[in-house]
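Below is one structure; the comments refer to it alone.
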Amino acid sequence: MKTRKNIVSALILLTALLIVISGLLKLAQVETVIKTMTALGVGEYVPYLGIMEIMFTLLFVFPQTFRLGFILLTSYFSGALATELSHAGSVINPLVPLILIWTTAFLKDKSLFISEES
């Protein structure tokens, strides 16, 4: 049980770190990020997207708001995936965090995915 808890904690940390760095890069207005986001048609919203990434990740990290963070991050990165697909972009950027979010959530709280009815 302790090993599983350590793995879940490590996955939460890895996921949070990845997404927060992405959010900070957006807030810092890094040229590459701005160019990529402008090509996707959302260049003017980059700072807001960075704030959303950081806020949703904070919700995901804390146990009391984990479920809400999971829903918001899933929605955010699903939208990012749809945007990338509609512009023939790389699906890797939104897919990697989405896989980490879902894997972490499944290991932490299976009831998000599987009904535990008697």
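Letters A, B, ... mark the chains of the structure tokens in the order given; residue numbers begin at 1 per chain; ligand numbers begin at 1, in order shown.
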With only C-alpha atoms as the counted atoms, please give the residues lying no more than 12 Å from stretch 1-7 of chain A, apart from itself and same-chain residues fewer than 5 positions off, as a PDB file with N, CA and C atoms, in the first residue's frame.
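Output file part-v2.pdb follows:
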ATOM      1  N   ILE A  12       1.513  12.581  -9.201  1.00  0.00           N
ATOM      2  CA  ILE A  12       0.887  13.892  -8.986  1.00  0.00           C
ATOM      3  C   ILE A  12       1.940  14.984  -9.113  1.00  0.00           C
ATOM      4  N   LEU A  13       3.092  14.776  -8.504  1.00  0.00           N
ATOM      5  CA  LEU A  13       4.179  15.757  -8.573  1.00  0.00           C
ATOM      6  C   LEU A  13       4.662  15.951 -10.012  1.00  0.00           C
ATOM      7  N   LEU A  14       4.886  14.858 -10.727  1.00  0.00           N
ATOM      8  CA  LEU A  14       5.336  14.933 -12.114  1.00  0.00           C
ATOM      9  C   LEU A  14       4.314  15.657 -12.995  1.00  0.00           C
ATOM     10  N   THR A 103      -4.093   8.708 -15.661  1.00  0.00           N
ATOM     11  CA  THR A 103      -3.404   7.611 -14.978  1.00  0.00           C
ATOM     12  C   THR A 103      -3.313   7.898 -13.482  1.00  0.00           C
ATOM     13  N   THR A 104      -2.933   9.109 -13.151  1.00  0.00           N
ATOM     14  CA  THR A 104      -2.825   9.504 -11.743  1.00  0.00           C
ATOM     15  C   THR A 104      -4.176   9.423 -11.056  1.00  0.00           C
ATOM     16  N   ALA A 105      -5.198   9.954 -11.708  1.00  0.00           N
ATOM     17  CA  ALA A 105      -6.542   9.949 -11.120  1.00  0.00           C
ATOM     18  C   ALA A 105      -7.039   8.518 -10.921  1.00  0.00           C
ATOM     19  N   PHE A 106      -6.783   7.648 -11.880  1.00  0.00           N
ATOM     20  CA  PHE A 106      -7.225   6.260 -11.756  1.00  0.00           C
ATOM     21  C   PHE A 106      -6.542   5.567 -10.586  1.00  0.00           C
ATOM     22  N   LEU A 107      -5.247   5.784 -10.435  1.00  0.00           N
ATOM     23  CA  LEU A 107      -4.524   5.155  -9.328  1.00  0.00           C
ATOM     24  C   LEU A 107      -4.914   5.750  -7.976  1.00  0.00           C
ATOM     25  N   LYS A 108      -5.227   7.032  -7.960  1.00  0.00           N
ATOM     26  CA  LYS A 108      -5.565   7.699  -6.705  1.00  0.00           C
ATOM     27  C   LYS A 108      -7.009   7.424  -6.270  1.00  0.00           C
ATOM     28  N   ASP A 109      -7.940   7.457  -7.240  1.00  0.00           N
ATOM     29  CA  ASP A 109      -9.363   7.346  -6.892  1.00  0.00           C
ATOM     30  C   ASP A 109     -10.115   6.644  -8.016  1.00  0.00           C
TER      31      ASP A 109
END
| request: With a distance cut-off of 10 Å and only C-alpha atoms, select the neighbouring residues of stretch 33-35 of chain A, excluding the residue or stretch itself and same-chain residues fewer than 5 positions from it, and output the selection as a ChimeraX atom specification. | output: /A:22,25-28,40-47
| said: With only C-alpha atoms as the counted atoms, please give the residues lying no more than 12 Å from A:Thr83, apart from itself and same-chain residues fewer than 3 positions off, as a PyMOL selection string. | reply: chain A and resi 36-42+76-80+86-91+93-95
| note | As a check of understanding: the span from atom CA of A:Val96 to atom CA of A:Tyr48 is 21.0 Å
| task | Would you list, as a ChimeraX atom specification, the residues of chain A that end up in helix (DSSP H, G or I) under DSSP run on this structure's backbone? | result | /A:2-27,31-39,43-61,63-86,92-108,110-112
The selected residues should be written to file as an mmCIF file, in the first residue's frame (atoms: C-alpha atoms).
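result_1.cif was written with the following content:
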data_model
loop_
_atom_site.group_PDB
_atom_site.id
_atom_site.type_symbol
_atom_site.label_atom_id
_atom_site.label_comp_id
_atom_site.auth_asym_id
_atom_site.auth_seq_id
_atom_site.Cartn_x
_atom_site.Cartn_y
_atom_site.Cartn_z
ATOM 1 C CA LYS A 2 2.810 2.410 0.842
ATOM 2 C CA THR A 3 4.490 1.774 -2.503
ATOM 3 C CA ARG A 4 1.274 2.585 -4.341
ATOM 4 C CA LYS A 5 0.853 5.787 -2.340
ATOM 5 C CA ASN A 6 4.423 6.803 -3.193
ATOM 6 C CA ILE A 7 3.813 6.105 -6.891
ATOM 7 C CA VAL A 8 0.615 8.182 -6.845
ATOM 8 C CA SER A 9 2.409 11.018 -5.050
ATOM 9 C CA ALA A 10 5.247 10.907 -7.586
ATOM 10 C CA LEU A 11 2.770 10.943 -10.483
ATOM 11 C CA ILE A 12 0.887 13.892 -8.986
ATOM 12 C CA LEU A 13 4.179 15.757 -8.573
ATOM 13 C CA LEU A 14 5.336 14.933 -12.114
ATOM 14 C CA THR A 15 1.981 15.902 -13.632
ATOM 15 C CA ALA A 16 1.780 19.120 -11.626
ATOM 16 C CA LEU A 17 5.353 20.077 -12.472
ATOM 17 C CA LEU A 18 4.826 19.503 -16.185
ATOM 18 C CA ILE A 19 1.608 21.537 -16.325
ATOM 19 C CA VAL A 20 2.822 24.362 -14.070
ATOM 20 C CA ILE A 21 5.955 24.763 -16.199
ATOM 21 C CA SER A 22 3.724 24.960 -19.260
ATOM 22 C CA GLY A 23 1.591 27.593 -17.538
ATOM 23 C CA LEU A 24 4.643 29.599 -16.489
ATOM 24 C CA LEU A 25 6.007 29.535 -20.039
ATOM 25 C CA LYS A 26 2.699 30.978 -21.217
ATOM 26 C CA LEU A 27 2.753 33.659 -18.526
ATOM 27 C CA GLU A 31 8.314 33.571 -28.120
ATOM 28 C CA THR A 32 8.009 29.948 -29.270
ATOM 29 C CA VAL A 33 4.888 29.461 -27.183
ATOM 30 C CA ILE A 34 3.330 32.670 -28.490
ATOM 31 C CA LYS A 35 4.051 31.689 -32.114
ATOM 32 C CA THR A 36 2.590 28.218 -31.635
ATOM 33 C CA MET A 37 -0.512 29.484 -29.855
ATOM 34 C CA THR A 38 -1.031 32.248 -32.426
ATOM 35 C CA ALA A 39 -0.918 29.635 -35.200
ATOM 36 C CA GLY A 43 -2.452 33.857 -29.263
ATOM 37 C CA GLU A 44 -4.294 36.676 -27.525
ATOM 38 C CA TYR A 45 -5.425 34.334 -24.733
ATOM 39 C CA VAL A 46 -2.028 32.874 -23.827
ATOM 40 C CA PRO A 47 -1.726 34.565 -20.387
ATOM 41 C CA TYR A 48 -5.235 33.436 -19.452
ATOM 42 C CA LEU A 49 -4.472 29.895 -20.557
ATOM 43 C CA GLY A 50 -1.309 29.935 -18.424
ATOM 44 C CA ILE A 51 -3.292 31.078 -15.379
ATOM 45 C CA MET A 52 -5.893 28.385 -16.017
ATOM 46 C CA GLU A 53 -3.234 25.669 -16.216
ATOM 47 C CA ILE A 54 -1.699 26.729 -12.915
ATOM 48 C CA MET A 55 -5.030 27.171 -11.104
ATOM 49 C CA PHE A 56 -6.465 23.853 -12.305
ATOM 50 C CA THR A 57 -3.239 22.091 -11.343
ATOM 51 C CA LEU A 58 -3.395 23.522 -7.833
ATOM 52 C CA LEU A 59 -6.901 22.139 -7.519
ATOM 53 C CA PHE A 60 -5.636 18.758 -8.749
ATOM 54 C CA VAL A 61 -2.808 18.640 -6.208
ATOM 55 C CA PRO A 63 -6.893 16.183 -1.849
ATOM 56 C CA GLN A 64 -9.969 18.273 -0.995
ATOM 57 C CA THR A 65 -10.240 19.639 -4.545
ATOM 58 C CA PHE A 66 -8.658 16.739 -6.439
ATOM 59 C CA ARG A 67 -11.862 15.723 -8.247
ATOM 60 C CA LEU A 68 -12.606 19.271 -9.390
ATOM 61 C CA GLY A 69 -9.012 19.682 -10.576
ATOM 62 C CA PHE A 70 -9.279 16.384 -12.451
ATOM 63 C CA ILE A 71 -12.452 17.503 -14.251
ATOM 64 C CA LEU A 72 -11.070 20.945 -15.111
ATOM 65 C CA LEU A 73 -7.690 19.646 -16.305
ATOM 66 C CA THR A 74 -9.377 16.934 -18.370
ATOM 67 C CA SER A 75 -11.648 19.526 -19.965
ATOM 68 C CA TYR A 76 -8.776 21.930 -20.586
ATOM 69 C CA PHE A 77 -6.481 19.394 -22.232
ATOM 70 C CA SER A 78 -9.332 17.782 -24.176
ATOM 71 C CA GLY A 79 -10.045 21.217 -25.629
ATOM 72 C CA ALA A 80 -6.348 21.636 -26.384
ATOM 73 C CA LEU A 81 -6.355 18.247 -28.102
ATOM 74 C CA ALA A 82 -9.386 19.211 -30.191
ATOM 75 C CA THR A 83 -7.724 22.498 -31.141
ATOM 76 C CA GLU A 84 -4.525 20.727 -32.191
ATOM 77 C CA LEU A 85 -6.486 18.200 -34.241
ATOM 78 C CA SER A 86 -8.544 20.895 -35.974
ATOM 79 C CA ILE A 92 1.560 14.996 -28.302
ATOM 80 C CA ASN A 93 1.538 18.306 -26.390
ATOM 81 C CA PRO A 94 -1.979 17.925 -24.958
ATOM 82 C CA LEU A 95 -2.015 14.129 -24.967
ATOM 83 C CA VAL A 96 0.952 13.573 -22.631
ATOM 84 C CA PRO A 97 -0.510 15.644 -19.751
ATOM 85 C CA LEU A 98 -3.939 14.135 -20.376
ATOM 86 C CA ILE A 99 -2.556 10.595 -20.077
ATOM 87 C CA LEU A 100 -0.679 11.544 -16.893
ATOM 88 C CA ILE A 101 -3.796 13.178 -15.410
ATOM 89 C CA TRP A 102 -5.998 10.166 -16.126
ATOM 90 C CA THR A 103 -3.404 7.611 -14.978
ATOM 91 C CA THR A 104 -2.825 9.504 -11.743
ATOM 92 C CA ALA A 105 -6.542 9.949 -11.120
ATOM 93 C CA PHE A 106 -7.225 6.260 -11.756
ATOM 94 C CA LEU A 107 -4.524 5.155 -9.328
ATOM 95 C CA LYS A 108 -5.565 7.699 -6.705
ATOM 96 C CA LYS A 110 -10.806 4.524 -8.995
ATOM 97 C CA SER A 111 -14.331 5.654 -8.116
ATOM 98 C CA LEU A 112 -13.914 8.417 -10.710
#
